[in-house]
file model-v4.cif (mmCIF, C-alpha atoms and all ligand atoms)
data_run
#
loop_
_atom_site.label_atom_id
_atom_site.label_comp_id
_atom_site.auth_asym_id
_atom_site.auth_seq_id
_atom_site.Cartn_x
_atom_site.Cartn_y
_atom_site.Cartn_z
CA MET A 1 -24.04 -18.01 204.33
CA LYS A 2 -25.46 -15.04 206.20
CA MET A 3 -24.63 -11.81 204.40
CA ASP A 4 -25.25 -8.42 205.90
CA PRO A 5 -28.27 -7.01 203.97
CA LEU A 6 -26.49 -3.78 203.07
CA ILE A 7 -23.36 -5.60 201.86
CA TYR A 8 -25.64 -7.92 199.88
CA LYS A 9 -27.39 -4.98 198.23
CA VAL A 10 -24.18 -3.15 197.35
CA SER A 11 -22.46 -6.33 196.09
CA LEU A 12 -25.42 -7.38 193.94
CA GLY A 13 -25.68 -3.86 192.53
CA ARG A 14 -22.01 -3.90 191.53
CA VAL A 15 -22.22 -7.29 189.80
CA VAL A 16 -25.37 -6.33 187.90
CA HIS A 17 -23.89 -2.96 186.94
CA TYR A 18 -20.69 -4.67 185.79
CA LEU A 19 -22.60 -7.06 183.53
CA GLU A 20 -24.81 -4.29 182.14
CA SER A 21 -21.78 -2.13 181.43
CA GLN A 22 -20.39 -5.06 179.38
CA GLY A 23 -23.58 -4.99 177.29
CA TYR A 24 -25.50 -7.80 178.96
CA GLU A 25 -29.12 -7.73 179.97
CA VAL A 26 -29.52 -9.14 183.50
CA LYS A 27 -32.77 -10.86 184.45
CA LEU A 28 -33.04 -11.67 188.16
CA ASN A 29 -36.48 -13.29 188.01
CA SER A 30 -35.75 -16.36 185.93
CA ASN A 31 -35.86 -20.07 186.80
CA SER A 32 -32.13 -20.69 186.85
CA PHE A 33 -28.70 -19.19 186.41
CA GLY A 34 -27.69 -18.95 182.79
CA PHE A 35 -25.50 -17.21 180.24
CA PHE A 36 -26.95 -16.81 176.75
CA GLU A 37 -24.29 -15.28 174.58
CA GLU A 38 -26.37 -14.76 171.41
CA ASP A 39 -29.00 -12.83 173.36
CA ALA A 40 -26.40 -11.06 175.53
CA LEU A 41 -28.48 -12.24 178.46
CA ILE A 42 -27.59 -13.37 181.99
CA THR A 43 -30.29 -14.88 184.16
CA ALA A 44 -30.65 -15.67 187.85
CA PRO A 45 -33.46 -17.51 189.62
CA THR A 46 -36.02 -15.55 191.65
CA LYS A 47 -35.56 -17.95 194.57
CA ALA A 48 -31.93 -16.86 195.01
CA HIS A 49 -33.03 -13.30 195.79
CA GLY A 50 -31.77 -11.91 199.08
CA THR A 51 -29.15 -14.63 199.45
CA GLY A 52 -25.45 -14.82 198.77
CA SER A 53 -26.11 -17.45 196.13
CA MET A 54 -27.60 -14.74 193.88
CA ILE A 55 -24.24 -12.94 193.89
CA ILE A 56 -22.20 -16.13 193.67
CA GLY A 57 -24.18 -17.47 190.71
CA LEU A 58 -23.99 -14.15 188.86
CA LEU A 59 -20.22 -13.99 189.44
CA HIS A 60 -19.88 -17.47 187.97
CA GLU A 61 -21.91 -16.47 184.89
CA ALA A 62 -19.82 -13.29 184.63
CA GLY A 63 -16.77 -15.58 184.63
CA HIS A 64 -18.18 -17.31 181.56
CA THR A 65 -18.44 -13.96 179.77
CA VAL A 66 -14.70 -13.23 180.09
CA GLN A 67 -13.06 -16.69 180.17
CA PRO A 68 -10.67 -17.64 177.36
CA ARG A 69 -11.68 -20.24 174.82
CA SER A 70 -10.95 -23.85 175.62
CA GLN A 71 -7.44 -25.27 175.14
CA PHE A 72 -9.15 -28.17 173.38
CA ASN A 73 -11.27 -26.19 170.89
CA ASP A 74 -9.14 -27.14 167.89
CA MET A 75 -8.71 -30.79 168.74
CA ARG A 76 -10.47 -33.55 166.92
CA LYS A 77 -13.99 -34.12 168.22
CA SER A 78 -14.19 -36.97 170.69
CA ILE A 79 -16.09 -37.72 173.84
CA LYS A 80 -12.87 -37.23 175.81
CA ARG A 81 -12.35 -33.79 174.27
CA ASP A 82 -15.96 -32.81 174.95
CA LYS A 83 -15.67 -33.86 178.59
CA ALA A 84 -12.40 -31.96 178.96
CA ILE A 85 -13.95 -28.79 177.50
CA ILE A 86 -16.89 -28.89 179.92
CA ILE A 87 -14.76 -29.51 183.02
CA GLU A 88 -12.17 -26.94 181.98
CA GLN A 89 -14.67 -24.22 181.09
CA GLU A 90 -16.73 -24.74 184.23
CA TYR A 91 -13.60 -24.53 186.38
CA SER A 92 -12.33 -21.49 184.54
CA ALA A 93 -15.65 -19.63 184.91
CA TRP A 94 -15.29 -19.98 188.69
CA VAL A 95 -11.69 -18.69 188.55
CA TYR A 96 -12.64 -15.66 186.44
CA GLY A 97 -15.79 -15.03 188.46
CA TRP A 98 -13.70 -14.51 191.58
CA THR A 99 -11.32 -12.22 189.71
CA ILE A 100 -14.33 -10.06 188.89
CA ALA A 101 -15.37 -10.06 192.57
CA GLU A 102 -11.89 -8.71 193.37
CA GLU A 103 -12.13 -6.05 190.65
CA LEU A 104 -15.46 -4.93 192.08
CA TYR A 105 -14.11 -4.91 195.67
CA ILE A 106 -16.85 -7.23 196.90
CA ASN A 107 -14.39 -10.03 197.80
CA THR A 108 -15.14 -10.24 201.53
CA PRO A 109 -13.92 -13.32 203.44
CA ILE A 110 -17.54 -14.39 204.01
CA LEU A 111 -18.31 -14.25 200.30
CA GLU A 112 -15.03 -15.97 199.43
CA GLN A 113 -15.78 -18.90 201.70
CA ALA A 114 -19.30 -19.31 200.32
CA TYR A 115 -18.06 -18.83 196.75
CA LYS A 116 -15.52 -21.62 197.15
CA GLN A 117 -18.16 -23.89 198.68
CA SER A 118 -20.41 -23.36 195.64
CA TRP A 119 -17.42 -23.82 193.34
CA LEU A 120 -16.66 -27.22 194.87
CA LYS A 121 -20.30 -28.25 194.91
CA TYR A 122 -21.24 -27.32 191.35
CA TRP A 123 -17.97 -28.10 189.63
CA THR A 124 -17.77 -31.59 191.13
CA GLN A 125 -21.43 -32.07 190.14
CA TYR A 126 -20.44 -31.64 186.49
CA ILE A 127 -17.72 -34.23 186.93
CA GLU A 128 -20.18 -36.63 188.50
CA TYR A 129 -22.86 -36.14 185.81
CA ILE A 130 -20.31 -36.52 183.04
CA GLY A 131 -19.18 -39.76 184.63
CA LYS A 132 -22.58 -41.36 184.90
CA ASP A 133 -25.78 -39.42 184.23
CA TRP A 134 -25.26 -37.72 180.89
CA SER A 135 -25.39 -39.45 177.52
CA LYS A 136 -22.69 -38.95 174.90
CA SER A 137 -25.01 -36.70 172.92
CA ASP A 138 -25.84 -34.56 175.99
CA ILE A 139 -22.11 -34.16 176.61
CA HIS A 140 -21.46 -33.30 172.98
CA HIS A 141 -24.20 -30.66 172.88
CA LEU A 142 -23.03 -29.06 176.10
CA ALA A 143 -19.41 -28.96 174.89
CA GLU A 144 -20.54 -27.34 171.61
CA SER A 145 -22.21 -24.54 173.56
CA TYR A 146 -18.82 -23.55 175.04
CA ILE A 147 -17.10 -23.76 171.66
CA GLU A 148 -19.63 -21.48 169.98
CA SER A 149 -19.45 -18.91 172.73
ZN ZN B 1 -21.03 -22.49 184.36
#
call {"tool": "encode", "arguments": {"input": "model-v4.cif", "output": "structure tokens", "more": "lines below"}}
Ligand SMILES: [Zn+2]
result
Amino acid sequence: MKMDPLIYKVSLGRVVHYLESQGYEVKLNSNSFGFFEEDALITAPTKAHGTGSMIIGLLHEAGHTVQPRSQFNDMRKSIKRDKAIIIEQEYSAWVYGWTIAEELYINTPILEQAYKQSWLKYWTQYIEYIGKDWSKSDIHHLAESYIES
């Protein structure tokens, strides 16, 4: 995605300001995107700087900060429940992330298209990893991180 540099700057500023106004510290020179609830910290990787993926990733993490708890939180622990929590919460963070883009009036068609591409790419990656790459204990630990938050 090729974003106009000025639109990029304004959009990034709004997302960062939004997160800071919610009490989060935003670090844009990290190794990866992340949301650390206990530390009230949101991170983005240095390499995403100057690209739309910086804004897209931050919107997704912002989605995690406002998403409702999982429908499956209170169900008996099982691998199926843990998988459902991960897939549900990852999907929901993308939904809420775009809602925030709309609230901030940065929801241009160019950003929307790129946002949805990332949504498809990263959400289906979780499904794939859950299906074959991750062990039961990896899945359990990841699911717990959504329950605690
Ligand atoms: Zn996520």
call {"tool": "atom_distance", "arguments": {"input": "model-v4.cif", "atom1": "CA of Leu12 (chain A)", "atom2": "CA of Leu58 (chain A)"}}
result
8.6 Å
call {"tool": "residues_near_ligand", "arguments": {"input": "model-v4.cif", "ligand": "ligand ZN 1 (chain B)", "cutoff": "9 Å", "atoms": "only C-alpha atoms and all ligand atoms", "output": "list in words"}}
result
Phe33, Gly34, Phe35, Gly57, His60, Glu61, Gly63, His64, Ile86, Gln89, Glu90, Tyr91, Ser92, Ala93, Trp94, Tyr122 and Trp123 of chain A
call {"tool": "closest_residue", "arguments": {"input": "model-v4.cif", "among": "A:Ile147, A:Ile79, A:Ile55, A:Val26", "to": "Glu112 (chain A)", "atoms": "only C-alpha atoms"}}
result
A:Ile55
call {"tool": "atom_distance", "arguments": {"input": "model-v4.cif", "atom1": "CA of Thr124 (chain A)", "atom2": "CA of Met3 (chain A)"}}
result
24.8 Å
call {"tool": "atom_distance", "arguments": {"input": "model-v4.cif", "atom1": "CA of Lys136 (chain A)", "atom2": "CA of Ala84 (chain A)"}}
result
13.1 Å
call {"tool": "closest_residue", "arguments": {"input": "model-v4.cif", "among": "A:Ala143, A:Leu120, A:Met75, A:Ala114", "to": "Gly52 (chain A)", "atoms": "only C-alpha atoms"}}
result
A:Ala114
call {"tool": "closest_residue", "arguments": {"input": "model-v4.cif", "among": "A:Ile127, A:Ile139, A:Leu28, A:Val15", "to": "Gly97 (chain A)", "atoms": "only C-alpha atoms"}}
result
A:Val15
call {"tool": "axis_aligned_box", "arguments": {"input": "model-v4.cif", "around": "region 9-24 of chain A", "padding_each_side": "5 Å", "output": "AutoDock Vina command-line options"}}
result
--center_x -23.9 --center_y -5.0 --center_z 187.8 --size_x 17.0 --size_y 15.7 --size_z 30.9
call {"tool": "residues_around", "arguments": {"input": "model-v4.cif", "residues": "Trp98 (chain A)", "least_positions_apart": "2", "cutoff": "8 Å", "atoms": "all atoms listed in the file", "output": "list in words"}}
result
Leu59, His60, Gly63, Trp94, Val95, Tyr96, Ile100, Ala101, Glu102 and Asn107 of chain A
call {"tool": "closest_residue", "arguments": {"input": "model-v4.cif", "among": "A:Ile56, A:Lys77, A:Gly23, A:Tyr129", "to": "Ile106 (chain A)", "atoms": "all atoms listed in the file"}}
result
A:Ile56
call {"tool": "closest_residue", "arguments": {"input": "model-v4.cif", "among": "A:Lys83, A:Lys116, A:Lys27, A:Lys2", "to": "Gly131 (chain A)", "atoms": "only C-alpha atoms"}}
result
A:Lys83
call {"tool": "closest_residue", "arguments": {"input": "model-v4.cif", "among": "A:Ser137, A:Thr99, A:Ser145, A:Gln117", "to": "Phe36 (chain A)", "atoms": "only C-alpha atoms"}}
result
A:Ser145
